[in-house]
$ cat my_file_14.txt   # compact mmCIF, C-alpha atoms and all ligand atoms
# COMPACT_ATOMS: atom_id res chain seq x y z
CA MET Z 29 158.91 116.50 243.88
CA ARG Z 30 162.58 117.33 244.40
CA ILE Z 31 163.68 120.80 245.53
CA ASP Z 32 167.35 121.82 245.45
CA ILE Z 33 168.09 125.03 247.34
CA ILE Z 34 171.36 126.90 246.83
CA SER Z 35 172.29 129.13 249.76
CA ILE Z 36 175.18 130.51 251.80
CA PHE Z 37 173.15 129.85 254.98
CA PRO Z 38 171.82 126.27 254.73
CA GLU Z 39 171.25 126.20 258.51
CA MET Z 40 168.45 128.74 258.09
CA PHE Z 41 166.29 125.96 256.64
CA GLU Z 42 166.70 123.56 259.53
CA GLY Z 43 163.88 125.10 261.56
CA PRO Z 44 161.24 125.54 258.86
CA PHE Z 45 161.89 122.14 257.27
CA SER Z 46 162.06 120.00 260.37
CA HIS Z 47 158.58 120.63 261.74
CA SER Z 48 154.93 120.34 260.89
CA ILE Z 49 153.69 119.78 257.34
CA ILE Z 50 157.04 119.97 255.52
CA LYS Z 51 158.62 117.46 257.88
CA ARG Z 52 155.65 115.14 257.36
CA ALA Z 53 155.98 115.46 253.58
CA VAL Z 54 159.72 114.70 253.78
CA ASP Z 55 159.11 111.73 256.10
CA LYS Z 56 156.45 110.35 253.74
CA ARG Z 57 158.95 110.85 250.86
CA LEU Z 58 156.48 113.04 249.00
CA VAL Z 59 159.17 115.68 248.68
CA ASP Z 60 162.93 115.44 248.65
CA ILE Z 61 164.66 118.66 249.74
CA HIS Z 62 168.42 119.21 249.35
CA VAL Z 63 170.10 122.36 250.57
CA HIS Z 64 173.50 123.07 249.00
CA GLN Z 65 176.17 125.26 250.57
CA LEU Z 66 177.21 127.63 247.79
CA ARG Z 67 180.63 128.17 249.43
CA ASP Z 68 181.47 124.53 248.63
CA TYR Z 69 181.61 125.64 244.98
CA SER Z 70 184.01 128.53 245.59
CA LYS Z 71 187.55 128.13 244.22
CA ASP Z 72 188.81 130.75 246.65
CA LYS Z 73 190.79 129.54 249.67
CA HIS Z 74 188.55 131.60 251.96
CA LYS Z 75 185.43 130.21 250.26
CA LYS Z 76 184.50 133.68 249.06
CA VAL Z 77 181.38 133.86 246.90
CA ASP Z 78 180.98 137.64 246.54
CA ASP Z 79 183.00 140.46 245.01
CA TYR Z 80 182.87 144.19 244.38
CA ALA Z 81 180.47 145.45 241.72
CA PHE Z 82 182.06 146.69 238.50
CA SER Z 83 181.62 150.47 238.30
CA GLY Z 84 181.62 150.64 242.09
CA GLY Z 85 178.60 151.43 244.18
CA ALA Z 86 177.77 150.20 247.65
CA GLY Z 87 177.43 146.51 248.34
CA MET Z 88 178.89 143.24 247.14
CA VAL Z 89 177.60 141.06 244.31
CA MET Z 90 177.39 137.26 244.35
CA MET Z 91 179.89 135.89 241.84
CA ILE Z 92 178.90 134.00 238.74
CA GLU Z 93 181.32 131.06 238.95
CA PRO Z 94 180.29 129.24 242.15
CA ILE Z 95 176.59 129.61 241.24
CA ALA Z 96 177.15 128.42 237.67
CA ASP Z 97 179.21 125.44 238.88
CA CYS Z 98 176.57 124.41 241.41
CA ILE Z 99 173.67 124.74 238.96
CA GLU Z 100 175.57 122.91 236.20
CA LYS Z 101 176.47 120.05 238.52
CA LEU Z 102 172.81 119.64 239.46
CA LYS Z 103 171.66 119.92 235.85
CA LYS Z 104 174.00 117.09 234.89
CA GLU Z 105 172.25 114.85 237.41
CA ARG Z 106 168.64 115.48 236.35
CA LYS Z 107 166.43 117.73 234.28
CA TYR Z 108 164.95 120.74 236.09
CA ASP Z 109 161.53 122.23 235.33
CA GLU Z 110 162.41 125.62 236.79
CA ILE Z 111 165.43 127.42 238.19
CA ILE Z 112 163.97 130.01 240.51
CA TYR Z 113 165.73 133.04 241.92
CA THR Z 114 164.10 134.64 244.97
CA SER Z 115 164.26 138.37 244.51
CA PRO Z 116 162.21 141.41 245.54
CA ASP Z 117 161.84 142.35 241.86
CA GLY Z 118 160.40 138.95 240.83
CA GLU Z 119 156.77 137.98 240.17
CA LEU Z 120 154.71 138.35 243.33
CA LEU Z 121 154.03 134.88 244.79
CA ASP Z 122 150.33 134.06 245.01
CA GLN Z 123 148.17 130.94 245.31
CA PRO Z 124 147.88 130.26 241.54
CA ILE Z 125 151.70 130.34 241.23
CA ALA Z 126 152.03 127.99 244.22
CA ASN Z 127 149.40 125.67 242.71
CA SER Z 128 151.16 125.41 239.38
CA MET Z 129 154.62 125.01 240.90
CA SER Z 130 153.45 122.23 243.22
CA LEU Z 131 152.92 120.10 240.08
CA LEU Z 132 156.57 120.29 239.00
CA ASN Z 133 159.04 117.44 239.44
CA ASN Z 134 162.41 119.09 239.97
CA ILE Z 135 163.19 122.68 240.83
CA ILE Z 136 166.20 124.67 241.95
CA ILE Z 137 165.75 127.68 244.21
CA LEU Z 138 168.68 130.07 244.30
CA CYS Z 139 168.87 132.41 247.30
CA GLY Z 140 170.47 135.80 246.75
CA HIS Z 141 172.38 138.00 249.20
CA TYR Z 142 174.15 141.35 249.39
CA LYS Z 143 173.31 143.54 246.40
CA GLY Z 144 172.17 140.53 244.40
CA ILE Z 145 173.70 138.06 241.97
CA ASP Z 146 175.74 138.69 238.84
CA GLU Z 147 173.15 139.55 236.20
CA ARG Z 148 174.51 136.88 233.83
CA ILE Z 149 173.16 134.17 236.15
CA ARG Z 150 169.69 135.65 235.72
CA GLU Z 151 170.11 135.84 231.96
CA HIS Z 152 171.56 132.39 231.34
CA PHE Z 153 170.35 130.07 234.11
CA VAL Z 154 167.35 131.45 235.98
CA THR Z 155 163.97 130.61 234.43
CA ARG Z 156 161.69 132.35 236.92
CA GLU Z 157 162.08 135.03 239.57
CA ILE Z 158 159.77 135.10 242.58
CA SER Z 159 159.19 137.76 245.22
CA ILE Z 160 157.24 137.02 248.39
CA GLY Z 161 156.22 140.63 248.95
CA ASN Z 162 157.01 144.26 248.33
CA TYR Z 163 159.68 144.60 250.98
CA VAL Z 164 163.36 143.72 251.12
CA LEU Z 165 164.60 140.75 253.15
CA SER Z 166 168.23 140.35 254.21
CA GLY Z 167 168.53 137.37 251.90
CA GLY Z 168 166.54 134.94 249.80
CA GLU Z 169 166.42 132.12 252.38
CA LEU Z 170 163.21 133.17 254.12
CA ALA Z 171 161.56 133.66 250.72
CA ALA Z 172 162.76 130.21 249.60
CA ALA Z 173 161.32 128.67 252.78
CA VAL Z 174 157.98 130.42 252.20
CA LEU Z 175 157.88 129.32 248.57
CA THR Z 176 158.75 125.74 249.55
CA ASP Z 177 156.02 125.67 252.18
CA THR Z 178 153.33 126.98 249.82
CA MET Z 179 154.21 124.32 247.22
CA VAL Z 180 154.82 121.33 249.46
CA ARG Z 181 151.50 121.55 251.33
CA LEU Z 182 149.72 121.27 247.98
CA ILE Z 183 151.42 118.03 246.90
CA PRO Z 184 148.74 115.30 246.91
CA GLY Z 185 148.96 113.18 250.05
CA VAL Z 186 150.80 115.80 252.12
CA LEU Z 187 147.81 117.15 254.01
CA GLY Z 188 145.93 114.55 256.02
CA ASN Z 189 142.55 115.81 254.98
CA GLU Z 190 142.63 115.94 251.18
CA THR Z 191 140.05 118.68 251.02
CA SER Z 192 141.74 121.03 253.41
CA ALA Z 193 144.09 122.70 250.92
CA LEU Z 194 141.08 123.34 248.71
CA SER Z 195 139.34 125.25 251.48
CA ASP Z 196 142.37 127.48 252.18
CA SER Z 197 142.09 131.20 251.70
CA PHE Z 198 142.65 132.21 248.06
CA GLN Z 199 142.02 128.75 246.58
CA ASN Z 200 138.71 130.03 245.21
CA ASN Z 201 139.83 133.66 245.10
CA LEU Z 202 138.16 134.24 248.44
CA VAL Z 203 139.67 134.47 251.90
CA ALA Z 204 138.63 131.68 254.28
CA PRO Z 205 135.53 132.06 256.50
CA PRO Z 206 135.85 132.29 260.32
CA VAL Z 207 136.26 129.01 262.20
CA TYR Z 208 135.39 128.03 265.78
CA THR Z 209 136.04 125.19 268.20
CA ARG Z 210 134.94 124.25 271.71
CA PRO Z 211 133.70 125.66 274.03
CA ARG Z 212 130.43 126.80 272.45
CA ASN Z 213 130.26 129.64 274.92
CA PHE Z 214 133.30 131.48 276.26
CA ARG Z 215 132.51 134.42 278.57
CA GLY Z 216 129.19 134.78 276.83
CA TRP Z 217 130.83 134.88 273.37
CA GLU Z 218 128.78 132.37 271.43
CA VAL Z 219 129.67 130.30 268.39
CA PRO Z 220 127.25 131.18 265.53
CA GLU Z 221 124.17 129.01 266.00
CA ILE Z 222 124.09 127.84 262.40
CA LEU Z 223 127.42 126.01 262.75
CA LEU Z 224 125.84 123.81 265.42
CA SER Z 225 122.69 123.12 263.37
CA GLY Z 226 124.01 120.08 261.51
CA ASN Z 227 122.43 121.42 258.30
CA GLU Z 228 125.31 120.97 255.81
CA LYS Z 229 123.68 123.01 253.06
CA LEU Z 230 122.95 126.03 255.25
CA ILE Z 231 126.41 125.79 256.81
CA GLU Z 232 128.09 125.81 253.38
CA GLU Z 233 125.98 128.82 252.35
CA TRP Z 234 126.87 130.61 255.58
CA LYS Z 235 130.60 129.93 255.06
CA TYR Z 236 130.47 131.12 251.47
CA GLU Z 237 128.68 134.33 252.45
CA ARG Z 238 131.19 135.02 255.24
CA SER Z 239 134.07 134.42 252.79
CA VAL Z 240 132.62 136.85 250.27
CA GLU Z 241 131.92 139.44 252.97
CA ARG Z 242 135.46 139.13 254.38
CA THR Z 243 137.08 139.32 250.97
CA LYS Z 244 135.07 142.48 250.21
CA GLN Z 245 136.01 144.10 253.53
CA ARG Z 246 139.62 143.02 253.86
CA ARG Z 247 140.90 142.39 250.34
CA PRO Z 248 138.90 144.70 248.06
CA GLU Z 249 141.51 144.33 245.30
CA ILE Z 250 140.73 140.57 245.12
CA TYR Z 251 136.98 141.10 245.56
CA ASN Z 252 136.84 143.56 242.66
CA LYS Z 253 138.31 140.91 240.36
CA LEU Z 254 135.62 138.33 241.24
CA GLU Z 255 133.06 137.45 238.59
CA LYS Z 256 129.79 138.66 240.04
N1 LIG W 301 165.08 138.65 248.72
C1 LIG W 301 165.07 139.83 249.37
N2 LIG W 301 163.81 140.29 249.49
C2 LIG W 301 163.00 139.38 248.91
C3 LIG W 301 161.60 139.30 248.69
N3 LIG W 301 160.77 140.24 249.11
N4 LIG W 301 161.12 138.24 248.03
C4 LIG W 301 161.95 137.29 247.58
N5 LIG W 301 163.27 137.30 247.76
C5 LIG W 301 163.80 138.34 248.41
$ encode --input "my_file_14.txt" --output "structure tokens"
Amino acid sequence: MRIDIISIFPEMFEGPFSHSIIKRAVDKRLVDIHVHQLRDYSKDKHKKVDDYAFSGGAGMVMMIEPIADCIEKLKKERKYDEIIYTSPDGELLDQPIANSMSLLNNIIILCGHYKGIDERIREHFVTREISIGNYVLSGGELAAAVLTDTMVRLIPGVLGNETSALSDSFQNNLVAPPVYTRPRNFRGWEVPEILLSGNEKLIEEWKYERSVERTKQRRPEIYNKLEK
């Protein structure tokens, strides 16, 4: 999978992409991530990429030309499956979206700033808009990093234990069950006996029941959608 990110703050990705699972995926060449500085596509001598909104109003708007030039340059080099714009008014990111996007070959993620991007970019280039939650971030970079993480960890071969993405919360529309590690007893707080029993079948049943119970308590909106 190849991910091209267009941003005015490429440095914001250095932290999230140079550690842990994403770094491992990059090192194993299971994903190829390129972050492009949008200002490099500005024709202005000060590398300006924003301008006042027509009709006035507070806030600047990201200009169409640098974004169009950057996207068109990339599109000349390869075919893209999706051109995603991270925006608070996009589709709410969830596990099924991450699952389906992790199967794509080439995607562009465009990060917005200020009051947003010229609407014509959304009309003529963007194929999908994604929000990571019902709140407003200062820019699209954190959302792009979250989206990248959710997709990359699902690419086959990225996680050491192939089954572990399947047992994540939400993969079966349930949140994950509680987990424990050593010591068995900490200040009298015991690990549930059944997990030490070695009985795989009973352990699986216990985990499933805990997942259902947790989903019901903590995420009733997901629980109510379950087929019962
Ligand atoms: N940009 C600003 N806020 C955002 C959000 N909640 N999701 C995606 N992109 C954003």
$ closest_atom_pairs --input "my_file_14.txt" --of "chain Z" --to "ligand LIG 301 (chain W)" --cutoff "8 Å" --atoms "all atoms listed in the file" --output "JSON lines"
{"residue": "Z:Tyr113", "atom": "CA", "partner": "W:LIG301", "partner_atom": "N5", "distance": 7.6}
{"residue": "Z:Thr114", "atom": "CA", "partner": "W:LIG301", "partner_atom": "N5", "distance": 3.9}
{"residue": "Z:Ser115", "atom": "CA", "partner": "W:LIG301", "partner_atom": "N5", "distance": 3.6}
{"residue": "Z:Pro116", "atom": "CA", "partner": "W:LIG301", "partner_atom": "C3", "distance": 3.8}
{"residue": "Z:Asp117", "atom": "CA", "partner": "W:LIG301", "partner_atom": "N4", "distance": 7.4}
{"residue": "Z:Gly118", "atom": "CA", "partner": "W:LIG301", "partner_atom": "C4", "distance": 7.1}
{"residue": "Z:Leu120", "atom": "CA", "partner": "W:LIG301", "partner_atom": "N4", "distance": 7.9}
{"residue": "Z:Cys139", "atom": "CA", "partner": "W:LIG301", "partner_atom": "N1", "distance": 7.4}
{"residue": "Z:Gly140", "atom": "CA", "partner": "W:LIG301", "partner_atom": "N1", "distance": 6.4}
{"residue": "Z:His141", "atom": "CA", "partner": "W:LIG301", "partner_atom": "N1", "distance": 7.3}
{"residue": "Z:Ile158", "atom": "CA", "partner": "W:LIG301", "partner_atom": "C4", "distance": 5.9}
{"residue": "Z:Ser159", "atom": "CA", "partner": "W:LIG301", "partner_atom": "N4", "distance": 3.4}
{"residue": "Z:Ile160", "atom": "CA", "partner": "W:LIG301", "partner_atom": "N4", "distance": 4.1}
{"residue": "Z:Gly161", "atom": "CA", "partner": "W:LIG301", "partner_atom": "N3", "distance": 4.6}
{"residue": "Z:Asn162", "atom": "CA", "partner": "W:LIG301", "partner_atom": "N3", "distance": 5.6}
{"residue": "Z:Tyr163", "atom": "CA", "partner": "W:LIG301", "partner_atom": "N3", "distance": 4.9}
{"residue": "Z:Val164", "atom": "CA", "partner": "W:LIG301", "partner_atom": "N2", "distance": 3.8}
{"residue": "Z:Leu165", "atom": "CA", "partner": "W:LIG301", "partner_atom": "N2", "distance": 3.8}
{"residue": "Z:Ser166", "atom": "CA", "partner": "W:LIG301", "partner_atom": "C1", "distance": 5.8}
{"residue": "Z:Gly167", "atom": "CA", "partner": "W:LIG301", "partner_atom": "N1", "distance": 4.9}
{"residue": "Z:Gly168", "atom": "CA", "partner": "W:LIG301", "partner_atom": "N1", "distance": 4.1}
{"residue": "Z:Glu169", "atom": "CA", "partner": "W:LIG301", "partner_atom": "N1", "distance": 7.6}
{"residue": "Z:Leu170", "atom": "CA", "partner": "W:LIG301", "partner_atom": "N5", "distance": 7.6}
{"residue": "Z:Ala171", "atom": "CA", "partner": "W:LIG301", "partner_atom": "C4", "distance": 4.8}
{"residue": "Z:Ala172", "atom": "CA", "partner": "W:LIG301", "partner_atom": "N5", "distance": 7.3}
$ closest_atom_pairs --input "my_file_14.txt" --of "stretch 143-218 of chain Z" --to "stretch 121-124 of chain Z" --cutoff "12 Å" --atoms "only C-alpha atoms" --output "Markdown table"
| residue | atom | partner | partner_atom | distance |
| --- | --- | --- | --- | --- |
| Z:Arg156 | CA | Z:Leu121 | CA | 11.3 |
| Z:Glu157 | CA | Z:Leu121 | CA | 9.6 |
| Z:Ile158 | CA | Z:Leu121 | CA | 6.2 |
| Z:Ser159 | CA | Z:Leu121 | CA | 5.9 |
| Z:Ile160 | CA | Z:Leu121 | CA | 5.3 |
| Z:Gly161 | CA | Z:Leu121 | CA | 7.4 |
| Z:Asn162 | CA | Z:Leu121 | CA | 10.5 |
| Z:Ala171 | CA | Z:Leu121 | CA | 9.7 |
| Z:Ala172 | CA | Z:Leu121 | CA | 11.0 |
| Z:Val174 | CA | Z:Leu121 | CA | 9.5 |
| Z:Leu175 | CA | Z:Leu121 | CA | 7.7 |
| Z:Thr176 | CA | Z:Leu121 | CA | 11.3 |
| Z:Asp177 | CA | Z:Gln123 | CA | 11.7 |
| Z:Thr178 | CA | Z:Gln123 | CA | 7.9 |
| Z:Met179 | CA | Z:Gln123 | CA | 9.2 |
| Z:Arg181 | CA | Z:Gln123 | CA | 11.6 |
| Z:Leu182 | CA | Z:Gln123 | CA | 10.2 |
| Z:Ala193 | CA | Z:Gln123 | CA | 10.8 |
| Z:Leu194 | CA | Z:Gln123 | CA | 10.9 |
| Z:Asp196 | CA | Z:Gln123 | CA | 9.6 |
| Z:Ser197 | CA | Z:Gln123 | CA | 8.8 |
| Z:Phe198 | CA | Z:Gln123 | CA | 6.3 |
| Z:Gln199 | CA | Z:Gln123 | CA | 6.7 |
| Z:Asn200 | CA | Z:Gln123 | CA | 9.5 |
| Z:Asn201 | CA | Z:Gln123 | CA | 8.8 |
| Z:Leu202 | CA | Z:Gln123 | CA | 11.0 |
| Z:Val203 | CA | Z:Gln123 | CA | 11.3 |
$ closest_atom_pairs --input "my_file_14.txt" --of "stretch 99-205 of chain Z" --to "stretch 51-66 of chain Z" --cutoff "9 Å" --atoms "all atoms listed in the file" --output "tab-separated table"
residue	atom	partner	partner_atom	distance
Z:Val180	CA	Z:Val59	CA	7.2
Z:Arg181	CA	Z:Ala53	CA	7.9
Z:Ile183	CA	Z:Leu58	CA	7.4
Z:Pro184	CA	Z:Leu58	CA	8.3
Z:Gly185	CA	Z:Leu58	CA	7.6
Z:Val186	CA	Z:Ala53	CA	5.4
Z:Leu187	CA	Z:Ala53	CA	8.4
$ closest_residue --input "my_file_14.txt" --among "Z:Glu233, Z:Glu119, Z:Met40, Z:Ser239" --to "Z:Tyr251" --atoms "all atoms listed in the file"
Z:Ser239
$ atom_distance --input "my_file_14.txt" --atom1 "atom CA of Z:Asp32" --atom2 "atom CA of Z:Ile137"
6.2 Å
$ atom_distance --input "my_file_14.txt" --atom1 "atom CA of Z:Glu147" --atom2 "atom CA of Z:Ile92"
8.4 Å
$ closest_residue --input "my_file_14.txt" --among "Z:Arg212, Z:Arg150, Z:Lys143, Z:Arg247" --to "Z:Asp78" --atoms "only C-alpha atoms"
Z:Lys143
$ axis_aligned_box --input "my_file_14.txt" --around "stretch 154-166 of chain Z" --padding-each-side "8 Å" --output "lines of an AutoDock Vina configuration file"
center_x = 162.2
center_y = 137.6
center_z = 244.3
size_x = 28.0
size_y = 30.0
size_z = 35.8
$ atom_distance --input "my_file_14.txt" --atom1 "atom CA of Z:Lys101" --atom2 "atom CA of Z:Lys76"
19.0 Å
$ closest_residue --input "my_file_14.txt" --among "Z:Gly87, Z:Glu237, Z:Lys256, Z:Ile136" --to "Z:Lys107" --atoms "all atoms listed in the file"
Z:Ile136
$ closest_residue --input "my_file_14.txt" --among "Z:Leu224, Z:Val89, Z:Ala81, Z:Ala173" --to "Z:Ser46" --atoms "all atoms listed in the file"
Z:Ala173
$ decode --input "my_file_14.txt" --residues "stretch 151-165 of chain Z" --atoms "N, CA, C and O atoms" --output "PDB file, in the first residue's frame"
ATOM      1  N   GLU Z 151     -15.128  19.122  -4.849  1.00  0.00           N
ATOM      2  CA  GLU Z 151     -16.009  18.710  -5.945  1.00  0.00           C
ATOM      3  C   GLU Z 151     -15.281  17.938  -7.035  1.00  0.00           C
ATOM      4  O   GLU Z 151     -15.822  16.989  -7.589  1.00  0.00           O
ATOM      5  N   HIS Z 152     -14.056  18.353  -7.350  1.00  0.00           N
ATOM      6  CA  HIS Z 152     -13.398  17.814  -8.545  1.00  0.00           C
ATOM      7  C   HIS Z 152     -12.282  16.816  -8.285  1.00  0.00           C
ATOM      8  O   HIS Z 152     -11.872  16.113  -9.209  1.00  0.00           O
ATOM      9  N   PHE Z 153     -11.740  16.764  -7.079  1.00  0.00           N
ATOM     10  CA  PHE Z 153     -10.626  15.845  -6.831  1.00  0.00           C
ATOM     11  C   PHE Z 153     -10.921  14.834  -5.714  1.00  0.00           C
ATOM     12  O   PHE Z 153     -10.587  13.672  -5.840  1.00  0.00           O
ATOM     13  N   VAL Z 154     -11.505  15.311  -4.634  1.00  0.00           N
ATOM     14  CA  VAL Z 154     -11.677  14.450  -3.454  1.00  0.00           C
ATOM     15  C   VAL Z 154     -12.731  13.377  -3.745  1.00  0.00           C
ATOM     16  O   VAL Z 154     -13.787  13.662  -4.307  1.00  0.00           O
ATOM     17  N   THR Z 155     -12.413  12.122  -3.366  1.00  0.00           N
ATOM     18  CA  THR Z 155     -13.384  11.042  -3.592  1.00  0.00           C
ATOM     19  C   THR Z 155     -14.051  10.594  -2.292  1.00  0.00           C
ATOM     20  O   THR Z 155     -15.069   9.919  -2.304  1.00  0.00           O
ATOM     21  N   ARG Z 156     -13.447  10.953  -1.159  1.00  0.00           N
ATOM     22  CA  ARG Z 156     -14.026  10.527   0.113  1.00  0.00           C
ATOM     23  C   ARG Z 156     -13.586  11.484   1.211  1.00  0.00           C
ATOM     24  O   ARG Z 156     -12.423  11.900   1.226  1.00  0.00           O
ATOM     25  N   GLU Z 157     -14.493  11.820   2.108  1.00  0.00           N
ATOM     26  CA  GLU Z 157     -14.142  12.716   3.206  1.00  0.00           C
ATOM     27  C   GLU Z 157     -14.319  11.963   4.518  1.00  0.00           C
ATOM     28  O   GLU Z 157     -15.339  11.310   4.725  1.00  0.00           O
ATOM     29  N   ILE Z 158     -13.302  12.050   5.366  1.00  0.00           N
ATOM     30  CA  ILE Z 158     -13.321  11.269   6.613  1.00  0.00           C
ATOM     31  C   ILE Z 158     -13.139  12.191   7.815  1.00  0.00           C
ATOM     32  O   ILE Z 158     -12.230  13.020   7.845  1.00  0.00           O
ATOM     33  N   SER Z 159     -13.978  11.983   8.820  1.00  0.00           N
ATOM     34  CA  SER Z 159     -13.830  12.669  10.105  1.00  0.00           C
ATOM     35  C   SER Z 159     -13.399  11.636  11.138  1.00  0.00           C
ATOM     36  O   SER Z 159     -13.825  10.483  11.076  1.00  0.00           O
ATOM     37  N   ILE Z 160     -12.566  12.039  12.086  1.00  0.00           N
ATOM     38  CA  ILE Z 160     -12.211  11.067  13.138  1.00  0.00           C
ATOM     39  C   ILE Z 160     -13.023  11.299  14.411  1.00  0.00           C
ATOM     40  O   ILE Z 160     -12.814  10.623  15.411  1.00  0.00           O
ATOM     41  N   GLY Z 161     -13.962  12.207  14.392  1.00  0.00           N
ATOM     42  CA  GLY Z 161     -14.796  12.395  15.580  1.00  0.00           C
ATOM     43  C   GLY Z 161     -15.515  13.713  15.507  1.00  0.00           C
ATOM     44  O   GLY Z 161     -15.146  14.601  14.733  1.00  0.00           O
ATOM     45  N   ASN Z 162     -16.533  13.837  16.335  1.00  0.00           N
ATOM     46  CA  ASN Z 162     -17.360  15.048  16.308  1.00  0.00           C
ATOM     47  C   ASN Z 162     -16.775  16.147  17.183  1.00  0.00           C
ATOM     48  O   ASN Z 162     -17.329  16.513  18.223  1.00  0.00           O
ATOM     49  N   TYR Z 163     -15.621  16.616  16.752  1.00  0.00           N
ATOM     50  CA  TYR Z 163     -14.937  17.727  17.406  1.00  0.00           C
ATOM     51  C   TYR Z 163     -14.031  18.333  16.349  1.00  0.00           C
ATOM     52  O   TYR Z 163     -13.778  17.692  15.326  1.00  0.00           O
ATOM     53  N   VAL Z 164     -13.574  19.551  16.575  1.00  0.00           N
ATOM     54  CA  VAL Z 164     -12.760  20.207  15.547  1.00  0.00           C
ATOM     55  C   VAL Z 164     -11.293  20.248  15.972  1.00  0.00           C
ATOM     56  O   VAL Z 164     -10.959  20.742  17.045  1.00  0.00           O
ATOM     57  N   LEU Z 165     -10.435  19.703  15.122  1.00  0.00           N
ATOM     58  CA  LEU Z 165      -8.987  19.749  15.345  1.00  0.00           C
ATOM     59  C   LEU Z 165      -8.444  21.013  14.684  1.00  0.00           C
ATOM     60  O   LEU Z 165      -9.102  21.604  13.826  1.00  0.00           O
TER      61      LEU Z 165
END
